[in-house]
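> Right, I'll just put the structure down here and ask away after.
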Amino acid sequence: MPDSIETSGADEQREPPLGAVLDFMRLLWAVDHALQSASKRMEASFGMTGPQRLVVRIVGRFPGTPAGRVAQILHVHPSTLTGILKRLEARGILQRRPDPRDARRALLALTAKGRKLDNVRTGTVEQAVRRVLGTDPAKVAAAQEVLSALSEELDAGLR
């Protein structure tokens, strides 16, 4: 018979304790779910998802960046980035130009529409992140350290 969690009254408002590892994983799941939900809202509002917005912000900050470098910054495989770039290009947000020094590479830049979207400051994931990052620098630094270590551990485990 599977384990069950019985709740009643005030207990329904609290999460059942699962232990440090599962409690942390539950929190990561909640953040992932919130990011996905916010991404869908951004797509409805601005015509681009959270990951697409992040690419726009990076290319806006570093115009003329090659796609491979954007993939490195995002810690994703270049093939993962390809679909995002194609959708942004099809929507007239991003343009690819041949690299004059290496014809095999394309350099990325924002179009006028892309620059306008790059300047949007409300209704975005980074607006929420900006508010949270401004609360307690020591806690933010500790969270970044833990999340970086977890990312490295997960990447190493997949090799």
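Ligands are numbered from 1 in the order shown, residues from 1 within each chain, and chains are lettered A, B, ... in the order they appear in the structure tokens.
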Kindly provide the residues of range 54-109 of chain A that approach range 42-48 of chain A to within 12 Å, each paired with its closest atom pair and their distance in Å to one decimal, based on only C-alpha atoms, listed by chain and increasing number, as a tab-separated table.

```
residue	atom	partner	partner_atom	distance
A:Leu54	CA	A:Met48	CA	9.8
A:Val55	CA	A:Met48	CA	10.3
A:Val56	CA	A:Met48	CA	9.5
A:Arg57	CA	A:Met48	CA	11.9
A:Ile84	CA	A:Met48	CA	9.6
A:Leu85	CA	A:Met48	CA	11.4
A:Arg87	CA	A:Met48	CA	8.9
A:Leu88	CA	A:Met48	CA	7.9
A:Glu89	CA	A:Met48	CA	11.5
A:Ala90	CA	A:Met48	CA	11.6
A:Arg91	CA	A:Gly47	CA	8.6
A:Gly92	CA	A:Gly47	CA	11.1
A:Ile93	CA	A:Met48	CA	9.5
A:Leu94	CA	A:Met48	CA	11.7
```
> Can you list, as JSON, numbers by chain, every residue of range 3-110 of chain A that DSSP puts in strand (DSSP E)?
{"A": [65, 66, 94, 95, 96, 97, 98, 99, 102, 103, 104, 105, 106, 107, 108, 109, 110]}
> Hey, which of A:Leu28, A:Pro51, A:Ala128, A:Ala38 ends up closest to Val76 in chain A? Count only C-alpha atoms.
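Closest to Val76 in chain A, using only C-alpha atoms: A:Pro51.
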> Quick one: pull the distance between CA of Thr49 in chain A and CA of Ser151 in chain A, Å, one decimal.
22.2 Å
> Determine, counting only C-alpha atoms, which protein, DNA and RNA residues have an atom within 10 Å of an atom of Ile73 in chain A; residues of the same chain fewer than 4 positions away are not included. Present the result as a PyMOL selection string.
chain A and resi 55+58+67-69
> Store the residues of this selection in a file with all heavy atoms, as a short mmCIF file (atom, residue, chain, number, x, y, z; two decimals), in the first residue's frame.

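As a result, selection17.cif now contains:
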```cif
data_model
loop_
_atom_site.label_atom_id
_atom_site.label_comp_id
_atom_site.auth_asym_id
_atom_site.auth_seq_id
_atom_site.Cartn_x
_atom_site.Cartn_y
_atom_site.Cartn_z
N VAL A 55 17.52 35.40 -24.43
CA VAL A 55 18.38 35.53 -25.61
C VAL A 55 18.37 36.98 -26.10
O VAL A 55 19.42 37.55 -26.41
CB VAL A 55 17.96 34.55 -26.72
CG1 VAL A 55 18.67 34.86 -28.04
CG2 VAL A 55 18.25 33.12 -26.30
N ILE A 58 20.52 39.08 -23.83
CA ILE A 58 21.96 38.81 -24.02
C ILE A 58 22.46 39.44 -25.32
O ILE A 58 23.48 40.12 -25.34
CB ILE A 58 22.25 37.29 -23.97
CG1 ILE A 58 22.04 36.79 -22.54
CG2 ILE A 58 23.65 36.98 -24.47
CD1 ILE A 58 21.99 35.28 -22.41
N ALA A 67 26.29 32.90 -32.30
CA ALA A 67 25.31 32.02 -31.65
C ALA A 67 25.98 31.07 -30.66
O ALA A 67 25.44 30.81 -29.58
CB ALA A 67 24.54 31.24 -32.70
N GLY A 68 27.14 30.56 -31.02
CA GLY A 68 27.84 29.64 -30.11
C GLY A 68 28.18 30.28 -28.78
O GLY A 68 28.13 29.62 -27.73
N ARG A 69 28.52 31.54 -28.80
CA ARG A 69 28.84 32.25 -27.55
C ARG A 69 27.58 32.44 -26.71
O ARG A 69 27.63 32.31 -25.49
CB ARG A 69 29.49 33.60 -27.86
CG ARG A 69 29.87 34.39 -26.64
CD ARG A 69 30.94 33.67 -25.80
NE ARG A 69 31.22 34.44 -24.61
CZ ARG A 69 31.19 33.94 -23.37
NH1 ARG A 69 30.94 32.67 -23.17
NH2 ARG A 69 31.44 34.71 -22.34
#
```
> Could you pull out all residues of range 10-61 of chain A with a DSSP call of helix (DSSP H, G or I) and give them as a ChimeraX atom specification?
/A:10-13,20-46,50-61
> Go ahead and write the selection's residues with C-alpha atoms as a compact mmCIF listing (two decimals), in the first residue's frame.

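Result saved to selection_0.txt:
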```
# COMPACT_ATOMS: atom_id res chain seq x y z
CA ALA A 10 -4.34 24.03 9.27
CA ASP A 11 -2.09 21.13 8.18
CA GLU A 12 -3.38 21.54 4.62
CA GLN A 13 -1.71 24.97 4.48
CA ALA A 20 16.40 18.41 3.28
CA VAL A 21 16.97 16.86 -0.17
CA LEU A 22 13.33 16.39 -1.15
CA ASP A 23 12.31 19.74 0.36
CA PHE A 24 14.98 21.47 -1.76
CA MET A 25 13.94 19.53 -4.86
CA ARG A 26 10.32 20.51 -4.22
CA LEU A 27 11.40 24.15 -4.09
CA LEU A 28 13.33 23.79 -7.35
CA TRP A 29 10.23 22.23 -8.92
CA ALA A 30 8.13 25.18 -7.69
CA VAL A 31 10.60 27.67 -9.19
CA ASP A 32 10.65 25.74 -12.48
CA HIS A 33 6.84 25.69 -12.57
CA ALA A 34 6.66 29.42 -11.79
CA LEU A 35 9.21 30.14 -14.55
CA GLN A 36 7.17 28.10 -17.04
CA SER A 37 3.97 29.92 -16.06
CA ALA A 38 5.64 33.33 -16.27
CA SER A 39 7.10 32.35 -19.64
CA LYS A 40 3.61 31.57 -20.99
CA ARG A 41 2.31 34.92 -19.70
CA MET A 42 5.25 36.71 -21.34
CA GLU A 43 4.53 34.96 -24.62
CA ALA A 44 0.91 36.11 -24.46
CA SER A 45 1.93 39.68 -23.55
CA PHE A 46 5.09 40.24 -25.60
CA GLY A 50 11.17 33.55 -21.08
CA PRO A 51 14.07 31.73 -22.79
CA GLN A 52 13.55 33.84 -25.92
CA ARG A 53 13.52 36.98 -23.76
CA LEU A 54 16.81 35.92 -22.16
CA VAL A 55 18.38 35.53 -25.61
CA VAL A 56 17.09 39.00 -26.58
CA ARG A 57 18.58 40.47 -23.40
CA ILE A 58 21.96 38.81 -24.02
CA VAL A 59 22.13 39.81 -27.69
CA GLY A 60 20.98 43.31 -26.73
CA ARG A 61 23.81 43.55 -24.23
```
> Kindly give the distance, in Å, that separates CA of Leu81 in chain A and CA of Asp118 in chain A, rounded to a single decimal.
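Computing the Euclidean distance for CA of Leu81 in chain A and CA of Asp118 in chain A yields 18.1 Å.
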> One number please: CA of Lys86 in chain A to CA of Ala109 in chain A, in Å, one decimal.
13.0 Å
